[in-house]
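**Student:** Take this structure first; my questions come after.
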There are 2 protein chains.
Amino acid sequence: MKAKIHITLKNGVLDPQGKAVGHALGSLGFEGVEDVRQGKYIEVDLSETDADKALENVDAMCRQLLANTVIENYEIEIEA
Amino acid sequence: MKAKIHITLKNGVLDPQGKAVGHALGSLGFEGVEDVRQGKYIEVDLSETDADKALENVDAMCRQLLANTVIENYEIEIEA
């Protein structure tokens, strides 16, 4: 199975990387960019064949390693 | 409108960051992790109200700044 994980900063947490991208887009002449937020996207291939177990497993991975749950949210999608 | 952009490494391009995450998961005792690929996820808020124009605009942003099209693929999703 494949897990697709989105890790994004929580609302209210400053995102200097996103701000930098927003400024760079402005410098390049792109207008109408109101806000940019940058997050991470991780794909994990698993040998697990049970979707529920895979989700549980990946949730533990996010809590223990992939996401900093103090400042980040994560979303997991499991695909066959 | 909001644009959600996924930037991933093309197949065949080495992903040391993903490999490091895979090894770290192994060290933490997670079994059955076959492969990890890490990409970027960017959300851009736009003042543009026309979805087609927004898509065109964001496509140009990806080609000019956000993605390195030599080694990366990008996917854009436009939301109202």
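In the structure tokens, chains take letters A, B, ... by order of appearance, with residues numbered from 1 within each chain and ligands from 1 in the order shown.
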Would you kindly report the residues of chain B within 7 Å of chain A, using only C-alpha atoms, as a list in words?
**Tutor:**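 Close to chain A, chain B has Gly32, Val33, Glu34, Asp35, Val36, Arg37, Gln38, Gly39, Lys40, Tyr41, Ile42, Glu43, Val44, Asp45, Leu46, Ser47 and Glu48 of chain B.
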**Student:** Taking only chain A into account, list the residues labelled helix (DSSP H, G or I) by DSSP (computed from the backbone), as a list of chain:residue names.
**Tutor:**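 Secondary structure check on chain A, helix (DSSP H, G or I): A:Pro16, A:Gln17, A:Gly18, A:Lys19, A:Ala20, A:Val21, A:Gly22, A:His23, A:Ala24, A:Leu25, A:Gly26, A:Ser27, A:Ala51, A:Asp52, A:Lys53, A:Ala54, A:Leu55, A:Glu56, A:Asn57, A:Val58, A:Asp59, A:Ala60, A:Met61, A:Cys62, A:Arg63, A:Gln64, A:Leu65, A:Leu66.
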**Student:** Taking the DSSP secondary structure from the backbone, can you list the residues of chain A that are strand (DSSP E or B), as a count of residues only?
**Tutor:** 30
